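Pasting work05.cif here (mmCIF, C-alpha atoms):
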data_query
#
loop_
_atom_site.group_PDB
_atom_site.id
_atom_site.type_symbol
_atom_site.label_atom_id
_atom_site.label_comp_id
_atom_site.auth_asym_id
_atom_site.auth_seq_id
_atom_site.Cartn_x
_atom_site.Cartn_y
_atom_site.Cartn_z
ATOM 1 C CA MET U 364 16.444 73.722 -54.380
ATOM 2 C CA ARG U 365 17.496 75.044 -57.770
ATOM 3 C CA ALA U 366 16.732 78.405 -59.334
ATOM 4 C CA VAL U 367 17.356 79.700 -62.824
ATOM 5 C CA ILE U 368 17.514 83.454 -62.302
ATOM 6 C CA GLN U 369 17.158 85.681 -65.335
ATOM 7 C CA ARG U 370 17.634 89.432 -65.242
ATOM 8 C CA VAL U 371 14.692 90.831 -67.197
ATOM 9 C CA LEU U 372 13.285 94.074 -68.540
ATOM 10 C CA SER U 373 9.857 92.423 -68.359
ATOM 11 C CA SER U 374 8.324 88.990 -67.930
ATOM 12 C CA SER U 375 4.830 87.536 -67.841
ATOM 13 C CA VAL U 376 3.064 84.209 -67.525
ATOM 14 C CA GLU U 377 -0.183 83.072 -69.131
ATOM 15 C CA VAL U 378 -2.519 80.225 -68.209
ATOM 16 C CA GLU U 379 -5.290 79.332 -70.685
ATOM 17 C CA GLY U 380 -4.780 82.587 -72.565
ATOM 18 C CA LYS U 381 -5.022 84.820 -69.473
ATOM 19 C CA THR U 382 -2.070 86.692 -67.946
ATOM 20 C CA VAL U 383 -1.785 85.558 -64.325
ATOM 21 C CA GLY U 384 1.505 87.264 -63.472
ATOM 22 C CA SER U 385 3.462 90.135 -64.976
ATOM 23 C CA ILE U 386 6.498 92.211 -63.941
ATOM 24 C CA SER U 387 8.658 94.987 -65.341
ATOM 25 C CA LYS U 388 12.375 95.299 -64.491
ATOM 26 C CA GLY U 389 13.619 92.609 -62.131
ATOM 27 C CA VAL U 390 14.136 88.849 -62.214
ATOM 28 C CA ASN U 391 12.332 85.863 -63.648
ATOM 29 C CA ILE U 392 12.904 82.845 -61.401
ATOM 30 C CA LEU U 393 12.319 79.267 -62.539
ATOM 31 C CA LEU U 394 12.229 77.313 -59.269
ATOM 32 C CA GLY U 395 12.855 73.580 -58.869
ATOM 33 C CA ILE U 396 12.218 71.817 -55.548
ATOM 34 C CA HIS U 397 14.270 68.743 -54.594
ATOM 35 C CA GLN U 398 12.621 65.956 -52.604
ATOM 36 C CA GLN U 399 14.982 66.596 -49.665
ATOM 37 C CA ASP U 400 14.370 70.358 -49.535
ATOM 38 C CA THR U 401 12.976 72.042 -46.419
ATOM 39 C CA GLN U 402 11.994 75.576 -45.378
ATOM 40 C CA GLU U 403 15.664 76.155 -44.566
ATOM 41 C CA GLU U 404 16.473 76.096 -48.295
ATOM 42 C CA THR U 405 13.660 78.531 -49.123
ATOM 43 C CA LYS U 406 15.036 81.061 -46.631
ATOM 44 C CA TRP U 407 18.597 80.712 -47.920
ATOM 45 C CA LEU U 408 17.562 81.065 -51.563
ATOM 46 C CA ALA U 409 15.220 84.026 -50.990
ATOM 47 C CA GLU U 410 18.003 85.868 -49.170
ATOM 48 C CA LYS U 411 20.423 85.049 -52.003
ATOM 49 C CA VAL U 412 18.004 86.268 -54.713
ATOM 50 C CA ALA U 413 17.180 89.492 -52.868
ATOM 51 C CA HIS U 414 20.849 90.429 -52.409
ATOM 52 C CA LEU U 415 22.446 88.971 -55.565
ATOM 53 C CA ARG U 416 24.268 91.830 -57.302
ATOM 54 C CA ILE U 417 23.348 91.314 -60.951
ATOM 55 C CA PHE U 418 22.119 94.790 -61.910
ATOM 56 C CA GLU U 419 24.415 97.446 -63.297
ATOM 57 C CA ASP U 420 25.437 100.583 -61.450
ATOM 58 C CA ASP U 421 26.192 103.950 -63.130
ATOM 59 C CA GLU U 422 29.559 102.611 -64.284
ATOM 60 C CA GLY U 423 28.052 99.542 -65.957
ATOM 61 C CA LYS U 424 29.298 97.091 -63.294
ATOM 62 C CA MET U 425 27.082 94.464 -61.708
ATOM 63 C CA ASN U 426 26.954 96.061 -58.271
ATOM 64 C CA LYS U 427 23.249 96.409 -57.535
ATOM 65 C CA SER U 428 20.777 93.920 -56.143
ATOM 66 C CA LEU U 429 17.059 93.471 -56.697
ATOM 67 C CA LEU U 430 16.551 95.405 -53.459
ATOM 68 C CA ASP U 431 18.799 98.249 -54.625
ATOM 69 C CA ILE U 432 16.857 98.808 -57.846
ATOM 70 C CA LYS U 433 13.454 98.130 -56.221
ATOM 71 C CA GLY U 434 12.905 95.457 -58.862
ATOM 72 C CA GLU U 435 10.182 92.846 -59.121
ATOM 73 C CA ALA U 436 10.226 89.054 -59.262
ATOM 74 C CA LEU U 437 8.185 86.551 -61.256
ATOM 75 C CA VAL U 438 8.440 83.047 -59.750
ATOM 76 C CA ILE U 439 7.532 80.001 -61.842
ATOM 77 C CA SER U 440 7.457 76.465 -60.439
ATOM 78 C CA GLN U 441 9.682 74.258 -62.622
ATOM 79 C CA PHE U 442 10.070 70.617 -61.553
ATOM 80 C CA THR U 443 11.915 69.846 -64.811
ATOM 81 C CA LEU U 444 15.006 71.569 -63.373
ATOM 82 C CA TYR U 445 15.592 68.262 -61.575
ATOM 83 C CA GLY U 446 15.332 66.232 -64.779
ATOM 84 C CA ASP U 447 18.189 63.716 -64.890
ATOM 85 C CA CYS U 448 19.261 63.225 -68.523
ATOM 86 C CA GLU U 449 22.319 61.061 -67.835
ATOM 87 C CA LYS U 450 20.753 57.789 -68.999
ATOM 88 C CA GLY U 451 18.476 57.090 -71.918
ATOM 89 C CA ARG U 452 16.607 59.714 -73.903
ATOM 90 C CA ARG U 453 13.768 60.491 -71.528
ATOM 91 C CA PRO U 454 14.594 62.564 -68.430
ATOM 92 C CA SER U 455 13.986 61.031 -65.022
ATOM 93 C CA PHE U 456 12.332 63.314 -62.475
ATOM 94 C CA SER U 457 12.822 61.053 -59.447
ATOM 95 C CA GLN U 458 14.797 63.733 -57.562
ATOM 96 C CA ALA U 459 12.031 66.329 -57.844
ATOM 97 C CA ALA U 460 9.742 66.801 -54.841
ATOM 98 C CA GLY U 461 6.184 65.471 -55.009
ATOM 99 C CA PRO U 462 3.338 67.945 -55.653
ATOM 100 C CA THR U 463 2.309 68.478 -52.007
ATOM 101 C CA GLN U 464 5.842 69.191 -50.743
ATOM 102 C CA ALA U 465 6.771 71.216 -53.846
ATOM 103 C CA LYS U 466 3.688 73.452 -53.649
ATOM 104 C CA GLU U 467 4.253 74.163 -49.959
ATOM 105 C CA LEU U 468 7.918 75.116 -50.460
ATOM 106 C CA TYR U 469 7.159 77.070 -53.650
ATOM 107 C CA GLN U 470 4.631 79.183 -51.720
ATOM 108 C CA GLN U 471 7.064 79.491 -48.807
ATOM 109 C CA PHE U 472 9.780 80.791 -51.157
ATOM 110 C CA ILE U 473 7.386 83.429 -52.538
ATOM 111 C CA SER U 474 6.471 84.437 -48.994
ATOM 112 C CA GLU U 475 10.160 84.712 -48.005
ATOM 113 C CA LEU U 476 10.876 86.948 -51.029
ATOM 114 C CA LYS U 477 7.911 89.178 -50.154
ATOM 115 C CA GLY U 478 9.415 89.475 -46.670
ATOM 116 C CA TYR U 479 12.170 91.576 -48.265
ATOM 117 C CA ASN U 480 9.501 94.013 -49.553
ATOM 118 C CA ILE U 481 9.956 92.729 -53.087
ATOM 119 C CA SER U 482 6.921 92.837 -55.373
ATOM 120 C CA VAL U 483 6.401 89.189 -56.355
ATOM 121 C CA GLU U 484 4.162 87.710 -59.046
ATOM 122 C CA SER U 485 3.815 84.004 -59.755
ATOM 123 C CA GLY U 486 2.430 81.405 -62.059
ATOM 124 C CA ILE U 487 -0.167 78.791 -61.113
ATOM 125 C CA PHE U 488 1.289 75.662 -59.582
ATOM 126 C CA GLN U 489 1.007 72.580 -61.873
ATOM 127 C CA ALA U 490 -0.743 74.569 -64.616
ATOM 128 C CA ASP U 491 0.286 74.523 -68.283
ATOM 129 C CA MET U 492 1.993 77.925 -68.435
ATOM 130 C CA LYS U 493 3.320 80.076 -71.246
ATOM 131 C CA VAL U 494 6.150 82.296 -70.011
ATOM 132 C CA GLU U 495 7.358 85.360 -71.879
ATOM 133 C CA ILE U 496 10.781 86.653 -70.876
ATOM 134 C CA MET U 497 12.646 89.702 -72.144
ATOM 135 C CA ASN U 498 16.073 88.779 -70.819
ATOM 136 C CA ASP U 499 18.268 91.795 -70.087
ATOM 137 C CA GLY U 500 21.895 91.360 -71.077
ATOM 138 C CA PRO U 501 21.247 88.475 -71.343
ATOM 139 C CA VAL U 502 22.069 87.593 -67.741
ATOM 140 C CA THR U 503 21.067 84.098 -66.617
ATOM 141 C CA LEU U 504 22.383 82.349 -63.502
ATOM 142 C CA ILE U 505 21.770 78.928 -61.967
ATOM 143 C CA VAL U 506 21.783 78.866 -58.168
ATOM 144 C CA ASP U 507 21.661 75.641 -56.132
ATOM 145 C CA THR U 508 21.144 75.749 -52.395
ATOM 146 C CA PRO U 509 24.283 74.459 -50.641
ATOM 147 C CA LYS U 510 22.564 71.358 -49.276
ATOM 148 C CA ARG U 511 21.962 70.074 -52.793
ATOM 149 C CA ARG U 512 25.620 69.653 -53.577
ATOM 150 C CA VAL U 513 26.055 65.880 -53.768
ATOM 151 C CA CYS U 514 29.145 65.752 -51.550
ATOM 152 C CA ASP U 515 27.402 67.763 -48.818
ATOM 153 C CA VAL U 516 24.404 65.426 -48.845
ATOM 154 C CA ILE U 517 26.640 62.372 -48.493
ATOM 155 C CA GLU U 518 28.590 63.913 -45.603
ATOM 156 C CA GLU U 519 25.325 64.978 -43.937
ATOM 157 C CA THR U 520 23.631 61.587 -44.135
ATOM 158 C CA GLN U 521 26.868 59.871 -43.073
ATOM 159 C CA GLU U 522 25.926 56.783 -45.070
ATOM 160 C CA ASN U 523 29.595 56.051 -45.542
ATOM 161 C CA PRO U 524 30.607 53.020 -43.480
ATOM 162 C CA LEU U 525 33.797 52.481 -45.526
ATOM 163 C CA GLY U 526 35.089 55.983 -44.828
ATOM 164 C CA LEU U 527 35.369 56.812 -48.525
ATOM 165 C CA ARG U 528 35.818 60.340 -49.789
ATOM 166 C CA PRO U 529 32.558 61.751 -51.246
ATOM 167 C CA LYS U 530 33.551 61.296 -54.916
ATOM 168 C CA GLU U 531 34.764 57.735 -54.256
ATOM 169 C CA LEU U 532 31.516 56.958 -52.462
ATOM 170 C CA ILE U 533 29.438 58.247 -55.406
ATOM 171 C CA ARG U 534 31.419 56.020 -57.811
ATOM 172 C CA PHE U 535 31.080 53.053 -55.428
ATOM 173 C CA GLN U 536 27.299 53.567 -55.178
ATOM 174 C CA LYS U 537 26.947 53.728 -58.985
ATOM 175 C CA GLU U 538 28.978 50.538 -59.408
ATOM 176 C CA ALA U 539 26.847 48.807 -56.746
ATOM 177 C CA GLU U 540 23.652 49.837 -58.559
ATOM 178 C CA GLN U 541 25.030 48.496 -61.862
ATOM 179 C CA LEU U 542 25.961 45.203 -60.170
ATOM 180 C CA LYS U 543 22.417 44.865 -58.770
ATOM 181 C CA ARG U 544 20.969 45.441 -62.248
ATOM 182 C CA ASN U 545 23.302 42.801 -63.762
ATOM 183 C CA LEU U 546 22.386 40.240 -61.085
ATOM 184 C CA LYS U 547 18.684 40.896 -61.670
ATOM 185 C CA LEU U 548 19.110 40.373 -65.417
ATOM 186 C CA ARG U 549 20.985 37.090 -64.863
ATOM 187 C CA LYS U 550 18.258 35.881 -62.520
ATOM 188 C CA GLU U 551 15.588 36.714 -65.117
ATOM 189 C CA GLN U 552 17.614 34.881 -67.795
ATOM 190 C CA ARG U 553 17.873 31.741 -65.625
ATOM 191 C CA THR U 554 14.132 31.826 -64.919
ATOM 192 C CA LYS U 555 13.409 32.244 -68.644
ATOM 193 C CA ASN U 556 15.729 29.393 -69.666
ATOM 194 C CA GLY U 557 14.308 27.128 -66.965
#
Could you quickly redo this structure as structure tokens?
Amino acid sequence: MRAVIQRVLSSSVEVEGKTVGSISKGVNILLGIHQQDTQEETKWLAEKVAHLRIFEDDEGKMNKSLLDIKGEALVISQFTLYGDCEKGRRPSFSQAAGPTQAKELYQQFISELKGYNISVESGIFQADMKVEIMNDGPVTLIVDTPKRRVCDVIEETQENPLGLRPKELIRFQKEAEQLKRNLKLRKEQRTKNG
């Protein structure tokens, strides 16, 4: 799960010209759901957002949380946060959760945030939304749930029969994928040439 958290003076979201969510001081959260995410990630992230000290105290230091200032949250579903731009010019969204899973976890995250007595507004899932953000600072943070760190996922799944270190395993997997692609191309060439 990935969240882009923006400290805001105000934020709102429109769908088809109508405002469907609006907040004053607090945070705007763009939320991306990974295909391997579960309710465990929603709980972790909601707790992190509620207690993240990104608001200034009387001395101008970031010492206060959303709870401390009794701020609000606007949560927008954003599958494009899992857009992979490494290859080609068009992002691949293969890591993003499908609509059914994403909607369920998006709603669960909102529910978890409300559990901290935070006033939460939201957009409309899968709608074409226009988001207005008055970023305060500006302060913008990207927070990934721990499980989404690549090395953690590899260690968790234990798909590592060679006993490679996580970074070595990632490189090995990429090289294996490239080799498969090359073999497929050669096979197609042979078939073409008869």
For this session: Check what the PyMOL selection byres ((chain U and resi 429) around 12) selects in the file above and give those residues as a PyMOL selection string.
Result: chain U and resi 368-371+388-391+409-420+425-428+430-436+476+479-483
Find the axis-aligned box for stretch 471-488 of chain U, covering all its listed atoms and adding 4 Å on each side, and write its centre and edge lengths in Å to one decimal as JSON.
{"center_x": 6.0, "center_y": 84.8, "center_z": -54.4, "size_x": 20.3, "size_y": 26.4, "size_z": 23.4}
Problem set entry | Target residues per the PyMOL selection byres ((chain U and resi 394-400) around 9), formatted as a PyMOL selection string | chain U and resi 364-368+392-393+401-405+438-445+457-461+464-466+468-469+510-511
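Between atom CA of U:Glu538 and atom CA of U:Val506 lies a distance of 29.3 Å.
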Exercise. Please, what distance in Å, to one decimal, runs between atom CA of U:Gly500 and atom CA of U:Val383?
Worked result: 25.3 Å
Exercise. What separation in Å, quoted to one decimal, exists between atom CA of U:Glu467 and atom CA of U:Val378?
Worked result: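 If I compute the distance from atom CA of U:Glu467 to atom CA of U:Val378, I get 20.4 Å.
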Problem set entry | Surrounding residues of U:Gly446 excluding itself and chain neighbours under 3 positions, 6 Å, all atoms listed in the file, as a VMD selection string | chain U and resid 443 454 to 456
For this session: Evaluate the PyMOL selection byres ((chain U and resi 490) around 10) here and jot the selected residues down as a list in words.
Result: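 Evaluating the PyMOL selection byres ((chain U and resi 490) around 10) on these coordinates yields Glu377, Val378, Glu379, Ser440, Gly486, Ile487, Phe488, Gln489, Asp491, Met492 and Lys493 of chain U.
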Just the selected residues (C-alpha atoms), exported as a PDB file, in the coordinates of the input, please.
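File written: part-v6.pdb
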ATOM      1  CA  GLU U 377      -0.183  83.072 -69.131  1.00  0.00           C
ATOM      2  CA  VAL U 378      -2.519  80.225 -68.209  1.00  0.00           C
ATOM      3  CA  GLU U 379      -5.290  79.332 -70.685  1.00  0.00           C
ATOM      4  CA  SER U 440       7.457  76.465 -60.439  1.00  0.00           C
ATOM      5  CA  GLY U 486       2.430  81.405 -62.059  1.00  0.00           C
ATOM      6  CA  ILE U 487      -0.167  78.791 -61.113  1.00  0.00           C
ATOM      7  CA  PHE U 488       1.289  75.662 -59.582  1.00  0.00           C
ATOM      8  CA  GLN U 489       1.007  72.580 -61.873  1.00  0.00           C
ATOM      9  CA  ASP U 491       0.286  74.523 -68.283  1.00  0.00           C
ATOM     10  CA  MET U 492       1.993  77.925 -68.435  1.00  0.00           C
ATOM     11  CA  LYS U 493       3.320  80.076 -71.246  1.00  0.00           C
TER      12      LYS U 493
END
